[in-house]
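Below is one structure, written out as structure tokens; the observations come after it.
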Amino acid sequence: MDEKSELLRKREEKMKALQDMGVELYPNDAKVTATTKSVIDRFGDMDNEDLTGIEEKFTLAGRLMAVRNFGKAAFVSIQDREGRIQGYIARDKVGKDAYSIFKKFDVGDIVFISGGLVKTKTGELTVDADNVRLLSKAIRPLPEKWHGLTDVEARYRQRPVDLIMNPGVKEVFYTRSRVIKLIRDFMQDRDFLEVETPMMHPMAGGAVARPFKTYHNTLDMDLYLRIAPELYLKRLIVGGLDRVFEINRNFRNEGVSTSHNPEFTMMEFYQAYATYEDLIVMTEEMITSVATEILGSLQIEYQGIKLDLARPWQRLTVKEAILKHSDATPDILEDQAKAAKYARVLGLAVEDDEPLGKIIVAIFEEVAEARLIQPTFVTSYPIEVSPLSRKSAGDGGFTDRFELYIYGRELANAFSELNDPEDQRNRFAMQLKEREAGDKEAHEMDEDYISALEYGMPPTAGEGIGIDRLVMLFTNSPSIRDVILFPHMRAKRDVRL
């Protein structure tokens with residue numbers, strides 16, 4: 001019998017013994033009046049003399065994380081959602097029967113404890129228990145070496161255990177919740193209406209990406225998990241909701257990496273009578289305000305690199321970024337043949353008839369993207385990769401669009417919206433040709449959306465911000481899996497611990 005099986009056998013024996021003693025293993029009548037943090041915040045600085053004058057009794061519940069037995073008494077560590085506190089269980093105080101039951105508790109059990117407060121000789125605030133009960137028996141033991149675990153994937157696959165054993169993980173998700181609340185408050189303070197749009201679309205649209213496909217039996221039709229809410233949010237702009245935003249999930253049938261998950265959270269918003277330049281200012285204001293609230297400074301450190309979030313942030317066009325971070329010359333970026341040749345020298349696969357705009361973006365992603373460490377707005381994207389963006393007034397081959405990069409990662413994508421229905425139809429037609437040529441990410445023709453535009457959409461700017469990547473930045477997390485509670489993983493053997 002292996003070690004795990006032996007531990008499980010011993011726990012099953014304890015469970016049987018507890019049941020024979022008339023103990024309910026999973027009761028549901030506990031009333032908790034305090035948390036570990038609330039007790040420590042109120043009384044942690046008091047000395048023992050002051051504590052003995054407090055008649056208030058405290059009832060707490062949480063997971064039993066440690067037990068130090070001394071025969072007729074024991075010190076325990078109880079962990080709840082806010083932290084840990086020590087408890088002192090003495091047979092003479094809780095009673096012989098209750099103590100006999102307590103002796104059969106295991107680390108990992110959910111327990112209830114009540115009593116007054118004392119300070120130990122070492123100065124640790126402690127609940128002097130007059131009652132201790134079992135609330136939920138843990139059958140499976142907690143791992144002993146979780147903190148030194150080398151198989152990081154096991155942490156993601158067994159997130160409940162990770163949250164129990166690693167308080168820092170829990171803090172990441174408290175921070176994530178705060179980030180989302182701060183963004184929501186920022187938008188609502190500026191008169192944006194929070195909305196919800198469909199998660200299943202009759203056709204994939206709103207971004208250049210491969211979708212997940214499903215089927216609705218009753219409607220007898222294919223549906224697609226949304227890759228972006230863009231086309232629905234812009235329909236609301238047409239309808240007169242001039243400022244809208246949505247914080248929700250997008251789904252893209254693409255690769256998994258430290259910065260990509262097939263299911264991810266975006267905040268997407270649209271503002272009528274604004275341009276992409278207005279959104280540059282708004283994005284700076286939003287991220288710096290959140291950083292100040294979360295981190296208390298605009299000079300932060302991420303993965304050992306010092307980042308300066310103080311405004312204004314650097315601005316570069318796509319072409320300027322290439323020229324700054326490579327040995328390319330301006331003439332290369334003006335000629336399709338020269339650009340294709342240069343791209344091949346970089347090791348990029350380029351077709352002979354590849355549009356110049358696509359080649360330029362491929363070169364940018366190869367030579368410049370990872371080098372954009374400090375906050376940088378990259379502007380003037382080619383029209384070939386921007387099917388929903390407004391053409392630049394000075395150069396119809398480029399668009400009024402930006403992407404925000406920090407630490408070499410794209411955090412946001414925004415543009416002045418294309419509101420000319422005929423131009424939009426032509427862009428979709430161009431995308432269809434690319435789709436027919438084998439580009440599975442190219443946009444389909446969306447006649448319903450064009451019809452909405454034909455009712456008239458005011459000049460509008462819109463943006464999508466990656467919440468997961470923003471949380472990575474503010475929690476110093478190296479992988480997107482660290483900020484998603486249940487990231488998608490490849491199928492693997494059972495890693496329960």
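Scheme for the structure tokens: letters A, B, ... for chains in order shown; per-chain residue numbers from 1; ligand numbers from 1 in order shown.
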
Query raised in the report: Can you list, as a VMD selection string, every residue of stretch 292-329 of chain A that DSSP puts in alpha helix (DSSP H)?
Result: chain A and resid 292 to 295 318 to 324

Quick one: everything within 10 Å of A:Gly62, counting only C-alpha atoms, minus sequence neighbours fewer than 5 positions away in the same chain. Send it as an mmCIF file with N, CA and C atoms, in the first residue's frame.
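Saved the output as part.cif:
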data_model
loop_
_atom_site.group_PDB
_atom_site.id
_atom_site.type_symbol
_atom_site.label_atom_id
_atom_site.label_comp_id
_atom_site.auth_asym_id
_atom_site.auth_seq_id
_atom_site.Cartn_x
_atom_site.Cartn_y
_atom_site.Cartn_z
ATOM 1 N N VAL A 32 -20.999 32.056 12.483
ATOM 2 C CA VAL A 32 -19.689 32.692 12.646
ATOM 3 C C VAL A 32 -19.884 34.185 12.833
ATOM 4 N N THR A 35 -14.004 37.219 11.739
ATOM 5 C CA THR A 35 -12.967 36.655 10.874
ATOM 6 C C THR A 35 -11.626 36.829 11.570
ATOM 7 N N THR A 36 -10.636 36.098 11.116
ATOM 8 C CA THR A 36 -9.311 36.204 11.735
ATOM 9 C C THR A 36 -8.792 37.640 11.667
ATOM 10 N N SER A 77 -3.787 26.100 14.348
ATOM 11 C CA SER A 77 -3.806 27.250 13.442
ATOM 12 C C SER A 77 -5.037 27.130 12.554
ATOM 13 N N ILE A 78 -5.888 28.163 12.594
ATOM 14 C CA ILE A 78 -7.131 28.175 11.827
ATOM 15 C C ILE A 78 -7.010 29.209 10.703
ATOM 16 N N GLN A 79 -7.324 28.815 9.483
ATOM 17 C CA GLN A 79 -7.223 29.702 8.325
ATOM 18 C C GLN A 79 -8.605 29.932 7.726
ATOM 19 N N ASP A 80 -8.996 31.215 7.623
ATOM 20 C CA ASP A 80 -10.236 31.542 6.919
ATOM 21 C C ASP A 80 -9.902 32.401 5.709
ATOM 22 N N ARG A 81 -10.889 33.080 5.149
ATOM 23 C CA ARG A 81 -10.658 33.802 3.901
ATOM 24 C C ARG A 81 -9.712 34.995 4.048
ATOM 25 N N GLU A 82 -9.516 35.444 5.307
ATOM 26 C CA GLU A 82 -8.715 36.642 5.521
ATOM 27 C C GLU A 82 -7.357 36.385 6.145
ATOM 28 N N GLY A 83 -7.099 35.191 6.593
ATOM 29 C CA GLY A 83 -5.800 34.930 7.206
ATOM 30 C C GLY A 83 -5.840 33.782 8.188
ATOM 31 N N ARG A 84 -4.916 33.806 9.138
ATOM 32 C CA ARG A 84 -4.816 32.730 10.131
ATOM 33 C C ARG A 84 -4.807 33.301 11.542
ATOM 34 N N ILE A 85 -5.278 32.491 12.484
ATOM 35 C CA ILE A 85 -5.218 32.836 13.897
ATOM 36 C C ILE A 85 -4.953 31.558 14.688
ATOM 37 N N GLY A 108 -6.504 20.039 7.629
ATOM 38 C CA GLY A 108 -7.331 20.103 6.417
ATOM 39 C C GLY A 108 -8.815 20.129 6.720
ATOM 40 N N ASP A 109 -9.215 19.668 7.910
ATOM 41 C CA ASP A 109 -10.631 19.697 8.288
ATOM 42 C C ASP A 109 -11.105 21.144 8.445
ATOM 43 N N ILE A 110 -12.395 21.367 8.186
ATOM 44 C CA ILE A 110 -13.016 22.653 8.469
ATOM 45 C C ILE A 110 -13.586 22.582 9.877
ATOM 46 N N VAL A 111 -13.191 23.534 10.736
ATOM 47 C CA VAL A 111 -13.577 23.467 12.139
ATOM 48 C C VAL A 111 -14.174 24.793 12.605
ATOM 49 N N PHE A 112 -14.875 24.722 13.703
ATOM 50 C CA PHE A 112 -15.491 25.868 14.377
ATOM 51 C C PHE A 112 -14.839 26.002 15.738
ATOM 52 N N ILE A 113 -14.528 27.238 16.116
ATOM 53 C CA ILE A 113 -13.908 27.462 17.415
ATOM 54 C C ILE A 113 -14.506 28.727 18.027
ATOM 55 N N LEU A 135 -16.837 20.873 11.279
ATOM 56 C CA LEU A 135 -17.852 21.338 10.332
ATOM 57 C C LEU A 135 -17.787 20.598 8.997
ATOM 58 N N SER A 136 -16.600 20.113 8.636
ATOM 59 C CA SER A 136 -16.481 19.360 7.380
ATOM 60 C C SER A 136 -15.211 18.536 7.429
#

Query - Secondary structure check, strand (DSSP E) residues of stretch 153-383 of chain A, as a PyMOL selection string - result: chain A and resi 193-194+200-201+212-216+221-225+243-251+263-272+299-302+305-308+314-317+376-379

Query raised in the report: If we count only C-alpha atoms, what is near stretch 192-196 of chain A at a cut-off of 12 Å, once residues fewer than 5 positions away on the same chain are taken out, given as a PyMOL selection string?
Result: chain A and resi 183-187+229-230+232-234+236-237+240-249+267-272

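Between atom CA of A:Leu142 and atom CA of A:Glu171 the interatomic distance comes to 20.1 Å.
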
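Distance-wise, atom CA of A:Glu444 and atom CA of A:Glu422 end up 15.3 Å apart.
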
Do you have, as a Markdown table, the list of residues of stretch 332-445 of chain A lying at most 8 Å from stretch 300-308 of chain A, each with its nearest atom pair and that distance in Å to one decimal, counting only C-alpha atoms and ordered by chain then number?
| residue | atom | partner | partner_atom | distance |
| --- | --- | --- | --- | --- |
| A:Ile373 | CA | A:Leu307 | CA | 7.7 |
| A:Gln374 | CA | A:Leu307 | CA | 5.9 |
| A:Pro375 | CA | A:Asp308 | CA | 7.6 |

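A straight line drawn from atom CA of A:Ala368 to atom CA of A:Leu473 is 19.9 Å long.
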
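Distances to A:Ile467 were evaluated for A:Asp331, A:Asn250, A:Thr288, A:Gln424 using only C-alpha atoms, and the minimum falls at A:Asn250.
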
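Checking A:Tyr26, A:Gly115, A:Val132, A:Ala310 one by one against A:Asp97, counting only C-alpha atoms, you find the shortest gap at A:Val132.
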
Using only C-alpha atoms, tabulate the residues of stretch 155-255 of chain A lying at most 8 Å from any atom of stretch 483-492 of chain A, each with its closest atom pair and that distance in Å to one decimal, by chain and increasing residue number, as JSON lines.
{"residue": "A:Tyr156", "atom": "CA", "partner": "A:Phe486", "partner_atom": "CA", "distance": 6.7}
{"residue": "A:Arg157", "atom": "CA", "partner": "A:Phe486", "partner_atom": "CA", "distance": 7.4}
{"residue": "A:Arg159", "atom": "CA", "partner": "A:Leu485", "partner_atom": "CA", "distance": 6.9}
{"residue": "A:Val172", "atom": "CA", "partner": "A:Val483", "partner_atom": "CA", "distance": 6.7}
{"residue": "A:Phe173", "atom": "CA", "partner": "A:Val483", "partner_atom": "CA", "distance": 6.8}
{"residue": "A:Arg176", "atom": "CA", "partner": "A:Val483", "partner_atom": "CA", "distance": 7.4}

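Minimum atom-to-atom distance to A:Ser477, evaluated using only C-alpha atoms, belongs to A:Thr258 out of A:Pro143, A:Asn28, A:Thr258, A:Ala17.
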
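Distances to A:His443 were evaluated for A:Phe75, A:Phe428, A:Tyr455, A:Tyr99 using only C-alpha atoms, and the minimum falls at A:Phe428.
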
Polymer residues at most 9 Å from A:Ile363, only C-alpha atoms, same-chain spacing of 5 or more positions, as an mmCIF file with N, CA and C atoms, in the first residue's frame:
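Final file, out_27.cif:
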data_model
loop_
_atom_site.group_PDB
_atom_site.id
_atom_site.type_symbol
_atom_site.label_atom_id
_atom_site.label_comp_id
_atom_site.auth_asym_id
_atom_site.auth_seq_id
_atom_site.Cartn_x
_atom_site.Cartn_y
_atom_site.Cartn_z
ATOM 1 N N ILE A 322 9.312 49.991 -36.225
ATOM 2 C CA ILE A 322 10.192 49.096 -36.983
ATOM 3 C C ILE A 322 11.552 49.744 -37.194
ATOM 4 N N ALA A 339 9.882 44.746 -48.966
ATOM 5 C CA ALA A 339 9.404 44.347 -47.643
ATOM 6 C C ALA A 339 9.352 42.832 -47.518
ATOM 7 N N TYR A 342 12.869 41.507 -47.127
ATOM 8 C CA TYR A 342 13.383 41.773 -45.775
ATOM 9 C C TYR A 342 12.734 40.831 -44.759
ATOM 10 N N ALA A 343 11.438 40.593 -44.918
ATOM 11 C CA ALA A 343 10.741 39.697 -44.005
ATOM 12 C C ALA A 343 11.320 38.289 -44.074
ATOM 13 N N LEU A 346 14.377 37.854 -42.165
ATOM 14 C CA LEU A 346 14.075 37.701 -40.734
ATOM 15 C C LEU A 346 13.565 36.302 -40.392
ATOM 16 N N LEU A 348 10.637 35.060 -41.713
ATOM 17 C CA LEU A 348 9.184 35.039 -41.780
ATOM 18 C C LEU A 348 8.709 34.415 -43.079
ATOM 19 N N LYS A 358 0.175 43.760 -44.518
ATOM 20 C CA LYS A 358 0.346 42.566 -43.685
ATOM 21 C C LYS A 358 1.822 42.273 -43.441
ATOM 22 N N ALA A 368 9.955 44.578 -33.301
ATOM 23 C CA ALA A 368 9.687 45.691 -32.386
ATOM 24 C C ALA A 368 8.837 45.325 -31.180
#
